[in-house]
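Undergrad: Sharing a structure below in structure tokens format, with a few things to ask.
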Amino acid sequence: MPEVLANSAPDPEKAGLSKEAFALLSPADRAKYAMGWLHTARFLTTAAQLHHLPAYDLPEIAFVGRSNAGKSTCINVLTQQKRLAYASKTPGRTQHINLFALGRQGQTDAVLADLPGYGYAAVPKQDKIRWQQVMANYLLTRDNLRAVVLMCDPRHGLTELDDILLEVLRPRVEEGLKFLVLLTKADKLNRTEGAKALSIAKLQAGGGEVKLFSALKKQGVDEVASLLYEWMHT
Ligand SMILES: Nc1nc2c(ncn2[C@@H]2O[C@H](COP(=O)(O)OP(=O)(O)OP(=O)(O)O)[C@@H](O)[C@H]2O)c(=O)[nH]1
Ligand SMILES: [Mg+2]
């Protein structure tokens, strides 16, 4: 097990705010506190295959979505670190599951997972199928998975592969898995297009949370940060 989690027994003195204490803050203070928490992110480990992922007793948030949707960029913006997750103009850049530890004063209280994107045309069919299986397995069997953020470029909408993923996730969402659809690159839409994309995605997401997000304009960042803090501290 990586060293960073060697002493993961929580020390109440050093632990962050409880959900109850967090809820008492003003929305602005909640965002500030949650952003401070996310800024503690540090690289934990990387795995090409599921069975290489270490098992943790800590809540995990997975970022999933089509290749190039903006998952890695979103993680960098949320953690306010330029190169924590590897973002790139070349689709298919993230090929491993990369885990990042979160928590103040070295006390890890949650894990972020950056997953490789799917649907990139230039990837050989064999590799695509293998990856879809890894992802479905991850979503179905990862015991400590507490939340999934599905990143979707609203100019493409939710695609067939996104729908399959929603279907795979549905039973776990019914059991309490938290789920958020982020419509990325919102800076490329005008107001009307944004509102339209939001209502379409809300229908498709079957009642799950949907938000517009722009890494470029920092739109939605505070709300997402606060939501993730709440979800990881229940
Ligand atoms: N305009 C705009 N571009 C963005 C935004 N977020 C990401 N991008 C760009 O989209 C491209 C892909 O971003 P990544 O974060 O690497 O996407 P990814 O989902 O991690 O891609 P894979 O790792 O291939 O699955 C990069 O060129 C980013 O700069 C955004 O909010 N606005
Ligand atoms: Mg990526």
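Residues are named by chain letter and number: chains run A, B, ... in the order of the structure tokens, numbers start at 1 in each chain, and ligands are numbered from 1 in the order shown.
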Within 9 Å of ligand 1, which residues show up when you count only C-alpha atoms and all ligand atoms? List them as a PyMOL selection string, please.
TA: chain A and resi 63-76+85-95+114-120+151-152+184-188+213-219
Undergrad: What's the 12 Å shell around Gly206 in chain A, counting only C-alpha atoms, without same-chain residues fewer than 3 positions away, as a list of chain:residue names?
TA: A:Asp163, A:Leu166, A:Glu167, A:Leu169, A:Arg170, A:Val173, A:Glu174, A:Phe179, A:Leu180, A:Val181, A:Ser199, A:Ile200, A:Ala201, A:Lys202, A:Leu203, A:Glu209, A:Val210
Undergrad: For the residues in that selection, give me C-alpha atoms as a PDB file, in the first residue's frame.
TA:
```pdb
ATOM      1  CA  ASP A 163     -26.063   5.527 -21.964  1.00  0.00           C
ATOM      2  CA  LEU A 166     -25.720   5.040 -17.035  1.00  0.00           C
ATOM      3  CA  GLU A 167     -27.363   1.657 -17.310  1.00  0.00           C
ATOM      4  CA  LEU A 169     -24.529   2.503 -12.827  1.00  0.00           C
ATOM      5  CA  ARG A 170     -28.279   2.564 -12.235  1.00  0.00           C
ATOM      6  CA  VAL A 173     -27.245   4.760  -7.818  1.00  0.00           C
ATOM      7  CA  GLU A 174     -30.424   3.172  -6.436  1.00  0.00           C
ATOM      8  CA  PHE A 179     -24.010  10.721  -9.375  1.00  0.00           C
ATOM      9  CA  LEU A 180     -23.369  14.009 -11.174  1.00  0.00           C
ATOM     10  CA  VAL A 181     -23.389  14.834 -14.888  1.00  0.00           C
ATOM     11  CA  SER A 199     -32.743  20.375 -19.799  1.00  0.00           C
ATOM     12  CA  ILE A 200     -31.972  17.620 -22.329  1.00  0.00           C
ATOM     13  CA  ALA A 201     -29.268  16.113 -20.092  1.00  0.00           C
ATOM     14  CA  LYS A 202     -31.591  16.269 -17.053  1.00  0.00           C
ATOM     15  CA  LEU A 203     -34.107  14.140 -18.909  1.00  0.00           C
ATOM     16  CA  GLU A 209     -27.773  16.063 -10.758  1.00  0.00           C
ATOM     17  CA  VAL A 210     -26.673  17.922 -13.887  1.00  0.00           C
TER      18      VAL A 210
END
```
Undergrad: Where does DSSP see helix (DSSP H, G or I) in range 187-225 of chain A, if you list the residues as an mmCIF file with C-alpha atoms, in the first residue's frame?
TA:
```cif
data_model
loop_
_atom_site.group_PDB
_atom_site.id
_atom_site.type_symbol
_atom_site.label_atom_id
_atom_site.label_comp_id
_atom_site.auth_asym_id
_atom_site.auth_seq_id
_atom_site.Cartn_x
_atom_site.Cartn_y
_atom_site.Cartn_z
ATOM 1 C CA ASP A 187 -17.810 28.418 -22.470
ATOM 2 C CA LYS A 188 -18.487 27.223 -26.011
ATOM 3 C CA ARG A 191 -27.019 31.148 -22.709
ATOM 4 C CA THR A 192 -29.838 29.598 -24.733
ATOM 5 C CA GLU A 193 -27.719 26.649 -25.857
ATOM 6 C CA GLY A 194 -26.574 26.105 -22.267
ATOM 7 C CA ALA A 195 -30.138 26.088 -20.915
ATOM 8 C CA LYS A 196 -31.236 23.709 -23.669
ATOM 9 C CA ALA A 197 -28.311 21.329 -23.098
ATOM 10 C CA LEU A 198 -29.104 21.340 -19.378
ATOM 11 C CA SER A 199 -32.743 20.375 -19.799
ATOM 12 C CA ILE A 200 -31.972 17.620 -22.329
ATOM 13 C CA ALA A 201 -29.268 16.113 -20.092
ATOM 14 C CA LYS A 202 -31.591 16.269 -17.053
ATOM 15 C CA LEU A 203 -34.107 14.140 -18.909
ATOM 16 C CA GLN A 204 -31.427 11.673 -20.002
ATOM 17 C CA VAL A 221 -16.280 25.050 -9.941
ATOM 18 C CA ASP A 222 -17.419 26.261 -6.493
ATOM 19 C CA GLU A 223 -20.674 24.309 -6.599
ATOM 20 C CA VAL A 224 -18.973 21.089 -7.677
ATOM 21 C CA ALA A 225 -16.296 21.473 -4.989
#
```
Undergrad: Can you tell me, as a ChimeraX atom specification, what residues are no more than 12 Å from Pro171 in chain A when counting only C-alpha atoms, ignoring any on the same chain fewer than 5 positions away?
TA: /A:139-141,165-166,176-179
Undergrad: Take the residues from that selection and put them in a file with C-alpha atoms, as a compact mmCIF listing (two decimals), in the first residue's frame.
TA:
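Saved to result-v9.txt:
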```txt
# COMPACT_ATOMS: atom_id res chain seq x y z
CA LEU A 139 -18.12 0.80 -11.68
CA LEU A 140 -19.79 -2.40 -10.55
CA THR A 141 -17.21 -3.80 -8.16
CA LEU A 165 -22.54 3.54 -18.54
CA LEU A 166 -25.72 5.04 -17.03
CA GLY A 176 -27.02 5.30 -2.78
CA LEU A 177 -24.08 5.94 -5.11
CA LYS A 178 -23.89 9.69 -5.77
CA PHE A 179 -24.01 10.72 -9.37
```
Undergrad: Taking the DSSP assignment computed from this structure's backbone, write out as a short mmCIF file (atom, residue, chain, number, x, y, z; two decimals) with C-alpha atoms, in the first residue's frame all residues of range 36-215 of chain A that belong to strand (DSSP E or B).
TA:
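See out_25.cif below for the written result:
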```
data_model
loop_
_atom_site.label_atom_id
_atom_site.label_comp_id
_atom_site.auth_asym_id
_atom_site.auth_seq_id
_atom_site.Cartn_x
_atom_site.Cartn_y
_atom_site.Cartn_z
CA ARG A 42 -1.57 14.47 -4.33
CA PHE A 43 -0.73 11.61 -6.63
CA LEU A 44 -1.42 8.25 -5.02
CA THR A 45 -0.97 5.53 -7.60
CA THR A 46 -1.67 4.46 -11.15
CA ALA A 47 -2.97 1.16 -12.52
CA GLU A 60 -13.69 7.38 -3.89
CA ILE A 61 -14.97 9.79 -6.57
CA ALA A 62 -14.53 8.63 -10.17
CA PHE A 63 -14.39 10.97 -13.17
CA VAL A 64 -15.66 9.16 -16.25
CA GLY A 65 -16.72 10.11 -19.75
CA ARG A 66 -15.80 10.15 -23.40
CA ILE A 97 -6.64 4.73 -13.79
CA ASN A 98 -4.88 7.44 -11.80
CA LEU A 99 -5.69 7.89 -8.13
CA PHE A 100 -5.16 11.04 -6.09
CA ALA A 101 -5.42 11.33 -2.31
CA LEU A 102 -7.34 14.15 -0.63
CA ALA A 110 -11.07 10.60 0.16
CA VAL A 111 -9.66 9.50 -3.19
CA LEU A 112 -10.13 10.99 -6.68
CA ALA A 113 -9.96 8.61 -9.64
CA ASP A 114 -9.22 9.89 -13.17
CA TYR A 118 -13.94 5.94 -24.03
CA LEU A 145 -16.81 4.02 -4.87
CA ARG A 146 -19.04 6.71 -3.35
CA ALA A 147 -19.60 9.09 -6.28
CA VAL A 148 -19.33 9.21 -10.06
CA VAL A 149 -18.91 12.40 -12.08
CA LEU A 150 -19.85 11.80 -15.71
CA MET A 151 -18.27 14.44 -17.93
CA CYS A 152 -20.06 15.14 -21.16
CA LYS A 178 -23.89 9.69 -5.77
CA PHE A 179 -24.01 10.72 -9.37
CA LEU A 180 -23.37 14.01 -11.17
CA VAL A 181 -23.39 14.83 -14.89
CA LEU A 182 -21.13 17.76 -15.77
CA LEU A 183 -21.75 19.41 -19.11
CA GLU A 209 -27.77 16.06 -10.76
CA VAL A 210 -26.67 17.92 -13.89
CA LYS A 211 -24.54 21.08 -14.00
CA LEU A 212 -22.90 23.25 -16.61
CA SER A 214 -16.31 25.35 -17.75
#
```
Undergrad: Near Gly103 in chain A, within 10 Å and counting only C-alpha atoms, which residues show up once chain neighbours fewer than 5 positions away are dropped, as a ChimeraX atom specification?
TA: /A:14-16,36-42,108-111
Undergrad: Keeping only N, CA and C atoms, write those residues as a PDB file, in the first residue's frame.
TA:
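What landed in again.pdb:
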```pdb
ATOM      1  N   LYS A  14      -7.042  16.411  13.599  1.00  0.00           N
ATOM      2  CA  LYS A  14      -6.591  16.903  12.305  1.00  0.00           C
ATOM      3  C   LYS A  14      -7.666  16.760  11.222  1.00  0.00           C
ATOM      4  N   ALA A  15      -8.731  16.010  11.520  1.00  0.00           N
ATOM      5  CA  ALA A  15      -9.741  15.738  10.501  1.00  0.00           C
ATOM      6  C   ALA A  15     -10.428  17.030  10.082  1.00  0.00           C
ATOM      7  N   GLY A  16     -10.959  17.043   8.854  1.00  0.00           N
ATOM      8  CA  GLY A  16     -11.658  18.223   8.357  1.00  0.00           C
ATOM      9  C   GLY A  16     -13.019  18.370   9.004  1.00  0.00           C
ATOM     10  N   GLY A  36     -10.120  24.431  -0.626  1.00  0.00           N
ATOM     11  CA  GLY A  36      -8.905  24.196   0.163  1.00  0.00           C
ATOM     12  C   GLY A  36      -8.656  22.704   0.335  1.00  0.00           C
ATOM     13  N   TRP A  37      -9.726  21.998   0.583  1.00  0.00           N
ATOM     14  CA  TRP A  37      -9.646  20.534   0.734  1.00  0.00           C
ATOM     15  C   TRP A  37      -9.177  19.890  -0.573  1.00  0.00           C
ATOM     16  N   LEU A  38      -9.779  20.312  -1.698  1.00  0.00           N
ATOM     17  CA  LEU A  38      -9.407  19.721  -2.996  1.00  0.00           C
ATOM     18  C   LEU A  38      -7.952  20.042  -3.366  1.00  0.00           C
ATOM     19  N   HIS A  39      -7.494  21.195  -2.902  1.00  0.00           N
ATOM     20  CA  HIS A  39      -6.117  21.611  -3.225  1.00  0.00           C
ATOM     21  C   HIS A  39      -5.075  20.688  -2.576  1.00  0.00           C
ATOM     22  N   THR A  40      -5.496  19.930  -1.585  1.00  0.00           N
ATOM     23  CA  THR A  40      -4.556  19.007  -0.926  1.00  0.00           C
ATOM     24  C   THR A  40      -4.252  17.778  -1.788  1.00  0.00           C
ATOM     25  N   ALA A  41      -4.907  17.659  -2.937  1.00  0.00           N
ATOM     26  CA  ALA A  41      -4.764  16.448  -3.762  1.00  0.00           C
ATOM     27  C   ALA A  41      -3.308  16.148  -4.085  1.00  0.00           C
ATOM     28  N   ARG A  42      -2.929  14.895  -3.933  1.00  0.00           N
ATOM     29  CA  ARG A  42      -1.574  14.466  -4.333  1.00  0.00           C
ATOM     30  C   ARG A  42      -1.679  13.090  -4.981  1.00  0.00           C
ATOM     31  N   THR A 108      -5.490  11.383   4.787  1.00  0.00           N
ATOM     32  CA  THR A 108      -6.326  11.132   3.620  1.00  0.00           C
ATOM     33  C   THR A 108      -7.751  10.784   4.042  1.00  0.00           C
ATOM     34  N   ASP A 109      -8.724  11.516   3.476  1.00  0.00           N
ATOM     35  CA  ASP A 109     -10.117  11.199   3.798  1.00  0.00           C
ATOM     36  C   ASP A 109     -10.952  10.873   2.564  1.00  0.00           C
ATOM     37  N   ALA A 110     -10.350  10.964   1.382  1.00  0.00           N
ATOM     38  CA  ALA A 110     -11.066  10.597   0.158  1.00  0.00           C
ATOM     39  C   ALA A 110     -10.060  10.417  -0.972  1.00  0.00           C
ATOM     40  N   VAL A 111     -10.532   9.782  -2.044  1.00  0.00           N
ATOM     41  CA  VAL A 111      -9.661   9.501  -3.187  1.00  0.00           C
ATOM     42  C   VAL A 111     -10.370   9.956  -4.467  1.00  0.00           C
TER      43      VAL A 111
END
```
